[in-house]
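Quick notes on the structure that follows.
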Amino acid sequence: QNFSGDLSLLRVLRLLRMARALRMMRMLRYASLFRTLRLMMMAIMQSAVPLMWAATCIGIITYAFAAIFLQVLTTYVGGASFDDVWVELIKRYFPTIFKSLLTLFAASTGGVSWLDVGDLFITVHPGFCCLFVLYIGIMILAALNIVTGIFVNDALEATKLDNDLMVVSMVETNQRNLLELQALFHRVDTDGSETITFKEFEEELKKDDVRVVLTKMGIDVSDAALFFNLLDVDGSEELEIDEFVMGCMRFKGRASSFNMEVAMQRMTKMLRGSREVSLELQDQVAKLSTSFTEMQERLQSQWLRDFKVSHENKPHLSSCDLSRFSGAI
């Protein structure tokens, strides 16, 4: 009974494990929905320190303007009459330094209409209204845009540094490009032969929409004939779908890869030509060397014959003359 009970328990545990695995697989389908949330959280964590310094700069700027405005409005309230309608608004927006900070921050972020606050400064002096407009311009056009730029830059940096996001983005981009290239192949294959000839390739490249698809992937097709030869790896003068798709993927995203491949092919042709020239020069040098050797042998033979003749005619030649004659030979 204990043995049968253990077996039943193992079956239950195995079923629970399978159910858990199935549940995890179902959750993986929704993993892509949380990618943006993960990116936002990473951007917030990485921009915490720059955001703190940006908030410090904004606080210093706001405090400086708040101190100036509070001093001016306090002086105005001290000299205002009892029935002045602006005194109540001044006491509402600028009673203390902290409320002045809150009012200026609300005016710069949309919490309070900065036009209403500006009417207070027009009443005091138009110059202070210009100073308030300057503060709004600094906050909206400079400080807040800088903070936004920090978040955007950190989000991009977080995407670059996160390997998982880069892999997922790369896989999605490659899949999308593969589908576009397959559709482009079937479009260029006008006769439906599952292969592309150079004539078909050249005719379709004259169309702007085809060039836009290739340019969007970073593929430069300035020379149709040369690009076709680069894709035709088997030299059959026809492009199959795998040659076209994989060839375009090889040149995708690298603006200079096509030019580098062209330069490499031209360099290969130049090296092949220089090698042929070098071989021809070697043959010419070998022929010249053979001719020179033959000429030298003939000259030596002629000198020997002349020596024998002269020795027969002048048998009284000294040993010094013989050695000089031999050295000349």
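A note on labels: chains of the structure tokens are A, B, ... as shown, every chain counts residues from 1, and ligands are counted from 1 in their shown order.
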(request) Would you mind listing what lies within 10 Å of region 111-128 of chain A as a list in words, with only C-alpha atoms counted and same-chain residues fewer than 2 positions away left out? (result)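 Result of the neighbour search: Ile68, Phe69, Val72, Leu73, Thr75, Tyr76, Val77, Trp86, Val87, Leu89, Ile90, Tyr93, Phe94, Leu102, Thr103, Leu104, Phe105, Ala106, Ala107, Ser108, Thr109, Cys130, Leu131, Phe132, Val133, Leu134 and Ile136 of chain A.
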Save the residues we just selected, N, CA and C atoms, as a JSON list (two decimals), in the first residue's frame?
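Full text of part28.json as output:
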```
[["chain", "number", "residue", "atom", "x", "y", "z"],
["A", 68, "ILE", "N", 13.55, 86.76, -6.07],
["A", 68, "ILE", "CA", 13.41, 88.10, -6.67],
["A", 68, "ILE", "C", 11.94, 88.52, -6.71],
["A", 69, "PHE", "N", 11.06, 87.62, -7.18],
["A", 69, "PHE", "CA", 9.64, 87.96, -7.29],
["A", 69, "PHE", "C", 9.02, 88.19, -5.92],
["A", 72, "VAL", "N", 9.98, 91.64, -4.65],
["A", 72, "VAL", "CA", 9.30, 92.72, -5.38],
["A", 72, "VAL", "C", 7.83, 92.79, -4.97],
["A", 73, "LEU", "N", 7.14, 91.64, -4.91],
["A", 73, "LEU", "CA", 5.72, 91.65, -4.59],
["A", 73, "LEU", "C", 5.47, 92.00, -3.14],
["A", 75, "THR", "N", 7.22, 94.16, -1.45],
["A", 75, "THR", "CA", 7.33, 95.62, -1.44],
["A", 75, "THR", "C", 6.07, 96.27, -2.01],
["A", 76, "TYR", "N", 5.53, 95.64, -3.06],
["A", 76, "TYR", "CA", 4.31, 96.18, -3.67],
["A", 76, "TYR", "C", 3.13, 96.08, -2.70],
["A", 77, "VAL", "N", 2.98, 94.95, -2.00],
["A", 77, "VAL", "CA", 1.87, 94.79, -1.05],
["A", 77, "VAL", "C", 2.00, 95.76, 0.10],
["A", 86, "TRP", "N", -5.37, 93.26, -6.49],
["A", 86, "TRP", "CA", -4.24, 92.36, -6.78],
["A", 86, "TRP", "C", -3.57, 91.85, -5.52],
["A", 87, "VAL", "N", -3.86, 92.47, -4.39],
["A", 87, "VAL", "CA", -3.21, 92.05, -3.14],
["A", 87, "VAL", "C", -3.63, 90.64, -2.76],
["A", 89, "LEU", "N", -4.58, 88.21, -4.76],
["A", 89, "LEU", "CA", -3.92, 87.24, -5.66],
["A", 89, "LEU", "C", -2.44, 87.08, -5.31],
["A", 90, "ILE", "N", -1.81, 88.19, -4.94],
["A", 90, "ILE", "CA", -0.39, 88.10, -4.56],
["A", 90, "ILE", "C", -0.24, 87.26, -3.29],
["A", 93, "TYR", "N", -0.67, 83.52, -4.35],
["A", 93, "TYR", "CA", 0.39, 82.85, -5.12],
["A", 93, "TYR", "C", 1.79, 83.03, -4.52],
["A", 94, "PHE", "N", 2.04, 84.17, -3.85],
["A", 94, "PHE", "CA", 3.38, 84.45, -3.36],
["A", 94, "PHE", "C", 3.37, 84.89, -1.89],
["A", 102, "LEU", "N", 6.44, 76.86, -5.45],
["A", 102, "LEU", "CA", 5.38, 76.02, -5.99],
["A", 102, "LEU", "C", 4.63, 76.72, -7.11],
["A", 103, "THR", "N", 4.40, 78.02, -6.98],
["A", 103, "THR", "CA", 3.68, 78.77, -8.02],
["A", 103, "THR", "C", 4.48, 78.83, -9.31],
["A", 104, "LEU", "N", 5.80, 79.11, -9.20],
["A", 104, "LEU", "CA", 6.62, 79.18, -10.40],
["A", 104, "LEU", "C", 6.74, 77.82, -11.08],
["A", 105, "PHE", "N", 6.90, 76.76, -10.28],
["A", 105, "PHE", "CA", 6.99, 75.43, -10.86],
["A", 105, "PHE", "C", 5.68, 75.02, -11.53],
["A", 106, "ALA", "N", 4.54, 75.38, -10.89],
["A", 106, "ALA", "CA", 3.24, 75.08, -11.49],
["A", 106, "ALA", "C", 3.02, 75.89, -12.76],
["A", 107, "ALA", "N", 3.50, 77.14, -12.80],
["A", 107, "ALA", "CA", 3.35, 77.96, -14.00],
["A", 107, "ALA", "C", 4.17, 77.40, -15.16],
["A", 108, "SER", "N", 5.34, 76.81, -14.84],
["A", 108, "SER", "CA", 6.20, 76.28, -15.90],
["A", 108, "SER", "C", 5.77, 74.90, -16.38],
["A", 109, "THR", "N", 4.98, 74.19, -15.57],
["A", 109, "THR", "CA", 4.55, 72.83, -15.95],
["A", 109, "THR", "C", 3.07, 72.75, -16.29],
["A", 130, "CYS", "N", 8.54, 90.81, -18.02],
["A", 130, "CYS", "CA", 9.54, 90.28, -18.97],
["A", 130, "CYS", "C", 10.47, 89.28, -18.29],
["A", 131, "LEU", "N", 10.82, 89.55, -17.03],
["A", 131, "LEU", "CA", 11.66, 88.62, -16.28],
["A", 131, "LEU", "C", 10.94, 87.31, -16.03],
["A", 132, "PHE", "N", 9.63, 87.39, -15.76],
["A", 132, "PHE", "CA", 8.84, 86.17, -15.57],
["A", 132, "PHE", "C", 8.73, 85.37, -16.87],
["A", 133, "VAL", "N", 8.56, 86.06, -18.00],
["A", 133, "VAL", "CA", 8.52, 85.38, -19.31],
["A", 133, "VAL", "C", 9.87, 84.73, -19.59],
["A", 134, "LEU", "N", 10.96, 85.39, -19.20],
["A", 134, "LEU", "CA", 12.28, 84.79, -19.37],
["A", 134, "LEU", "C", 12.40, 83.50, -18.56],
["A", 136, "ILE", "N", 9.92, 81.49, -17.70],
["A", 136, "ILE", "CA", 9.10, 80.46, -18.37],
["A", 136, "ILE", "C", 9.83, 79.91, -19.60]]
```
(request) Mind giving me the straight-line distance from CA of Met42 (chain A) to CA of Ile146 (chain A) in Å, one decimal? (result)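 It comes out at 18.9 Å.
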(request) List every residue of region 26-189 of chain A that DSSP, applied to the backbone of this structure, assigns to alpha helix (DSSP H), and report them as number ranges by chain. (result) A: 26-28, 35-46, 48-79, 86-93, 97-109, 114-124, 126-137, 144-161, 163-188
(request) Would you mind listing what lies within 12 Å of Met45 (chain A) as number ranges by chain, with only C-alpha atoms counted and same-chain residues fewer than 4 positions away left out? (result) A: 38-41, 49-52, 151, 154-155, 157-158
For the residues selected in the previous step, produce a file with all heavy atoms as an mmCIF file, in the first residue's frame.
```cif
data_model
loop_
_atom_site.group_PDB
_atom_site.id
_atom_site.type_symbol
_atom_site.label_atom_id
_atom_site.label_comp_id
_atom_site.auth_asym_id
_atom_site.auth_seq_id
_atom_site.Cartn_x
_atom_site.Cartn_y
_atom_site.Cartn_z
ATOM 1 N N ARG A 38 10.002 47.050 -19.469
ATOM 2 C CA ARG A 38 11.363 46.779 -19.017
ATOM 3 C C ARG A 38 12.314 47.873 -19.483
ATOM 4 O O ARG A 38 13.191 48.323 -18.717
ATOM 5 C CB ARG A 38 11.815 45.421 -19.564
ATOM 6 C CG ARG A 38 13.252 45.073 -19.233
ATOM 7 C CD ARG A 38 13.639 43.758 -19.863
ATOM 8 N NE ARG A 38 15.036 43.454 -19.635
ATOM 9 C CZ ARG A 38 15.664 42.390 -20.089
ATOM 10 N NH1 ARG A 38 14.990 41.502 -20.806
ATOM 11 N NH2 ARG A 38 16.931 42.182 -19.836
ATOM 12 N N LEU A 39 12.154 48.320 -20.709
ATOM 13 C CA LEU A 39 12.997 49.389 -21.228
ATOM 14 C C LEU A 39 12.795 50.686 -20.447
ATOM 15 O O LEU A 39 13.761 51.390 -20.125
ATOM 16 C CB LEU A 39 12.697 49.599 -22.709
ATOM 17 C CG LEU A 39 13.494 50.690 -23.424
ATOM 18 C CD1 LEU A 39 14.973 50.377 -23.376
ATOM 19 C CD2 LEU A 39 13.031 50.821 -24.864
ATOM 20 N N MET A 40 11.548 51.007 -20.109
ATOM 21 C CA MET A 40 11.277 52.214 -19.343
ATOM 22 C C MET A 40 11.888 52.134 -17.957
ATOM 23 O O MET A 40 12.489 53.109 -17.464
ATOM 24 C CB MET A 40 9.766 52.436 -19.250
ATOM 25 C CG MET A 40 9.110 52.812 -20.569
ATOM 26 S SD MET A 40 7.316 52.947 -20.421
ATOM 27 C CE MET A 40 7.187 54.232 -19.194
ATOM 28 N N MET A 41 11.770 50.986 -17.299
ATOM 29 C CA MET A 41 12.348 50.836 -15.963
ATOM 30 C C MET A 41 13.874 50.942 -16.006
ATOM 31 O O MET A 41 14.487 51.566 -15.127
ATOM 32 C CB MET A 41 11.928 49.496 -15.369
ATOM 33 C CG MET A 41 10.438 49.359 -15.125
ATOM 34 S SD MET A 41 9.788 50.640 -14.022
ATOM 35 C CE MET A 41 10.679 50.267 -12.514
ATOM 36 N N VAL A 49 20.690 59.430 -11.568
ATOM 37 C CA VAL A 49 21.696 60.431 -11.193
ATOM 38 C C VAL A 49 21.601 61.675 -12.074
ATOM 39 O O VAL A 49 21.557 62.801 -11.553
ATOM 40 C CB VAL A 49 23.108 59.803 -11.240
ATOM 41 C CG1 VAL A 49 24.170 60.868 -10.955
ATOM 42 C CG2 VAL A 49 23.212 58.659 -10.230
ATOM 43 N N PRO A 50 21.555 61.553 -13.420
ATOM 44 C CA PRO A 50 21.377 62.771 -14.224
ATOM 45 C C PRO A 50 20.075 63.506 -13.914
ATOM 46 O O PRO A 50 20.036 64.741 -13.936
ATOM 47 C CB PRO A 50 21.374 62.249 -15.675
ATOM 48 C CG PRO A 50 22.118 60.968 -15.625
ATOM 49 C CD PRO A 50 21.777 60.384 -14.298
ATOM 50 N N LEU A 51 19.017 62.749 -13.594
ATOM 51 C CA LEU A 51 17.760 63.391 -13.246
ATOM 52 C C LEU A 51 17.881 64.174 -11.940
ATOM 53 O O LEU A 51 17.301 65.252 -11.789
ATOM 54 C CB LEU A 51 16.655 62.336 -13.128
ATOM 55 C CG LEU A 51 15.258 62.858 -12.787
ATOM 56 C CD1 LEU A 51 14.763 63.806 -13.876
ATOM 57 C CD2 LEU A 51 14.283 61.695 -12.613
ATOM 58 N N MET A 52 18.655 63.644 -10.987
ATOM 59 C CA MET A 52 18.859 64.354 -9.726
ATOM 60 C C MET A 52 19.586 65.679 -9.957
ATOM 61 O O MET A 52 19.207 66.718 -9.404
ATOM 62 C CB MET A 52 19.663 63.469 -8.770
ATOM 63 C CG MET A 52 19.917 64.096 -7.412
ATOM 64 S SD MET A 52 21.030 63.092 -6.409
ATOM 65 C CE MET A 52 22.551 63.272 -7.352
ATOM 66 N N PHE A 151 16.249 61.462 -20.646
ATOM 67 C CA PHE A 151 15.476 60.212 -20.620
ATOM 68 C C PHE A 151 15.587 59.476 -21.953
ATOM 69 O O PHE A 151 15.779 58.254 -21.992
ATOM 70 C CB PHE A 151 14.009 60.504 -20.305
ATOM 71 C CG PHE A 151 13.697 60.515 -18.839
ATOM 72 C CD1 PHE A 151 13.498 61.701 -18.158
ATOM 73 C CD2 PHE A 151 13.623 59.326 -18.134
ATOM 74 C CE1 PHE A 151 13.221 61.699 -16.805
ATOM 75 C CE2 PHE A 151 13.340 59.315 -16.784
ATOM 76 C CZ PHE A 151 13.139 60.508 -16.112
ATOM 77 N N ASP A 154 19.116 58.018 -22.346
ATOM 78 C CA ASP A 154 19.333 56.866 -21.465
ATOM 79 C C ASP A 154 18.530 55.657 -21.923
ATOM 80 O O ASP A 154 18.968 54.514 -21.754
ATOM 81 C CB ASP A 154 18.958 57.222 -20.030
ATOM 82 C CG ASP A 154 19.956 58.190 -19.407
ATOM 83 O OD1 ASP A 154 21.102 58.223 -19.901
ATOM 84 O OD2 ASP A 154 19.606 58.885 -18.451
ATOM 85 N N ALA A 155 17.349 55.896 -22.491
ATOM 86 C CA ALA A 155 16.572 54.771 -23.021
ATOM 87 C C ALA A 155 17.296 54.117 -24.189
ATOM 88 O O ALA A 155 17.361 52.891 -24.299
ATOM 89 C CB ALA A 155 15.188 55.252 -23.454
ATOM 90 N N GLU A 157 20.577 54.224 -24.707
ATOM 91 C CA GLU A 157 21.763 53.560 -24.173
ATOM 92 C C GLU A 157 21.390 52.258 -23.483
ATOM 93 O O GLU A 157 22.122 51.266 -23.573
ATOM 94 C CB GLU A 157 22.478 54.492 -23.185
ATOM 95 C CG GLU A 157 23.124 55.707 -23.831
ATOM 96 C CD GLU A 157 24.255 55.328 -24.770
ATOM 97 O OE1 GLU A 157 24.898 54.289 -24.536
ATOM 98 O OE2 GLU A 157 24.490 56.060 -25.743
ATOM 99 N N ALA A 158 20.259 52.263 -22.789
ATOM 100 C CA ALA A 158 19.825 51.029 -22.126
ATOM 101 C C ALA A 158 19.512 49.944 -23.148
ATOM 102 O O ALA A 158 19.787 48.763 -22.926
ATOM 103 C CB ALA A 158 18.595 51.317 -21.263
#
```
Find the residues around Phe185 (chain A) up to 9 Å (only C-alpha atoms counted), leave out those fewer than 5 positions away in its own chain, and share them as a CSV table (one decimal) with C-alpha atoms, in the first residue's frame.
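File out-v1.csv, as written:
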```
chain,number,residue,atom,x,y,z
A,180,GLU,CA,10.6,41.8,-47.6
A,194,GLU,CA,11.9,30.8,-59.4
A,195,THR,CA,15.2,32.4,-60.7
A,196,ILE,CA,16.1,35.9,-61.6
A,240,GLU,CA,17.9,31.6,-56.9
A,241,ILE,CA,15.9,32.8,-53.9
A,244,PHE,CA,19.3,36.7,-53.6
A,245,VAL,CA,18.0,36.8,-50.0
```
(request) Choose the residue, out of A:Gly79, A:Gly273, A:Gly218, A:Gly59, that has the smallest atom-to-atom separation from Met139 (chain A); count only C-alpha atoms. (result)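 For Met139 (chain A), the nearest of the given residues is A:Gly59.
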(message) Considering only C-alpha atoms, can you say which of A:Ala48, A:Leu279, A:Leu271, A:Cys248 comes closest to Val147 (chain A)?
(response) A:Ala48
(request) Within region 83-239 of chain A, find each residue whose DSSP state, derived from the backbone, is strand (DSSP E), and express the selection as a PyMOL selection string. (result) chain A and resi 196-197+238-239
(message) Just to confirm, what's the straight-line distance from CA of Val188 (chain A) to CA of Glu204 (chain A) in Å (one decimal)?
(response)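 Between these atoms lies a distance of 6.0 Å.
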(message) Applying 8 Å and only C-alpha atoms, which residues near region 173-178 of chain A remain after dropping the ones on its own chain fewer than 2 positions away? List them as an MDAnalysis selection string.
(response) chainID A and resid 169:171 180:182 217 245 249
Based on the selection just made, write all heavy atoms of those residues as an mmCIF file, in the first residue's frame.
```cif
data_model
loop_
_atom_site.group_PDB
_atom_site.id
_atom_site.type_symbol
_atom_site.label_atom_id
_atom_site.label_comp_id
_atom_site.auth_asym_id
_atom_site.auth_seq_id
_atom_site.Cartn_x
_atom_site.Cartn_y
_atom_site.Cartn_z
ATOM 1 N N SER A 169 15.509 42.523 -30.816
ATOM 2 C CA SER A 169 15.336 43.517 -31.873
ATOM 3 C C SER A 169 16.014 43.068 -33.166
ATOM 4 O O SER A 169 15.467 43.245 -34.261
ATOM 5 C CB SER A 169 15.924 44.855 -31.406
ATOM 6 O OG SER A 169 15.835 45.819 -32.427
ATOM 7 N N MET A 170 17.200 42.464 -33.046
ATOM 8 C CA MET A 170 17.907 41.997 -34.235
ATOM 9 C C MET A 170 17.145 40.866 -34.925
ATOM 10 O O MET A 170 17.038 40.829 -36.158
ATOM 11 C CB MET A 170 19.307 41.522 -33.838
ATOM 12 C CG MET A 170 20.206 41.183 -35.008
ATOM 13 S SD MET A 170 21.836 40.641 -34.457
ATOM 14 C CE MET A 170 22.357 42.097 -33.543
ATOM 15 N N VAL A 171 16.596 39.953 -34.119
ATOM 16 C CA VAL A 171 15.842 38.835 -34.699
ATOM 17 C C VAL A 171 14.597 39.353 -35.414
ATOM 18 O O VAL A 171 14.279 38.924 -36.535
ATOM 19 C CB VAL A 171 15.472 37.823 -33.607
ATOM 20 C CG1 VAL A 171 14.481 36.803 -34.130
ATOM 21 C CG2 VAL A 171 16.726 37.101 -33.107
ATOM 22 N N GLU A 180 10.550 40.803 -46.515
ATOM 23 C CA GLU A 180 10.551 41.819 -47.572
ATOM 24 C C GLU A 180 11.391 41.376 -48.767
ATOM 25 O O GLU A 180 11.007 41.602 -49.928
ATOM 26 C CB GLU A 180 11.076 43.140 -47.010
ATOM 27 C CG GLU A 180 10.140 43.800 -46.018
ATOM 28 C CD GLU A 180 10.685 45.113 -45.500
ATOM 29 O OE1 GLU A 180 11.828 45.465 -45.890
ATOM 30 O OE2 GLU A 180 9.997 45.787 -44.722
ATOM 31 N N LEU A 181 12.524 40.735 -48.504
ATOM 32 C CA LEU A 181 13.374 40.282 -49.612
ATOM 33 C C LEU A 181 12.732 39.132 -50.377
ATOM 34 O O LEU A 181 12.859 39.046 -51.607
ATOM 35 C CB LEU A 181 14.741 39.860 -49.067
ATOM 36 C CG LEU A 181 15.646 41.001 -48.593
ATOM 37 C CD1 LEU A 181 16.899 40.457 -47.926
ATOM 38 C CD2 LEU A 181 16.022 41.913 -49.754
ATOM 39 N N GLN A 182 12.037 38.246 -49.678
ATOM 40 C CA GLN A 182 11.332 37.168 -50.371
ATOM 41 C C GLN A 182 10.231 37.720 -51.267
ATOM 42 O O GLN A 182 10.057 37.284 -52.416
ATOM 43 C CB GLN A 182 10.762 36.187 -49.346
ATOM 44 C CG GLN A 182 11.818 35.347 -48.638
ATOM 45 C CD GLN A 182 11.223 34.475 -47.559
ATOM 46 O OE1 GLN A 182 10.005 34.483 -47.343
ATOM 47 N NE2 GLN A 182 12.071 33.729 -46.862
ATOM 48 N N MET A 217 17.195 49.119 -46.414
ATOM 49 C CA MET A 217 18.018 48.122 -45.728
ATOM 50 C C MET A 217 19.494 48.485 -45.731
ATOM 51 O O MET A 217 20.313 47.735 -45.202
ATOM 52 C CB MET A 217 17.842 46.757 -46.401
ATOM 53 C CG MET A 217 16.444 46.214 -46.339
ATOM 54 S SD MET A 217 16.337 44.584 -47.114
ATOM 55 C CE MET A 217 14.559 44.321 -47.045
ATOM 56 N N VAL A 245 18.335 36.368 -51.386
ATOM 57 C CA VAL A 245 18.003 36.788 -50.024
ATOM 58 C C VAL A 245 19.253 36.843 -49.150
ATOM 59 O O VAL A 245 19.525 37.856 -48.486
ATOM 60 C CB VAL A 245 16.945 35.845 -49.412
ATOM 61 C CG1 VAL A 245 16.726 36.172 -47.948
ATOM 62 C CG2 VAL A 245 15.636 35.961 -50.182
ATOM 63 N N MET A 249 21.132 40.076 -47.529
ATOM 64 C CA MET A 249 21.324 40.138 -46.088
ATOM 65 C C MET A 249 22.797 40.332 -45.728
ATOM 66 O O MET A 249 23.118 40.940 -44.702
ATOM 67 C CB MET A 249 20.795 38.861 -45.432
ATOM 68 C CG MET A 249 19.284 38.709 -45.485
ATOM 69 S SD MET A 249 18.408 39.925 -44.470
ATOM 70 C CE MET A 249 18.873 39.378 -42.838
#
```
(request) Choose the residue, out of A:Glu243, A:Glu276, A:Glu294, A:Glu88, that has the smallest atom-to-atom separation from Leu230 (chain A); count only C-alpha atoms. (result)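 Nearest to Leu230 (chain A): A:Glu243.
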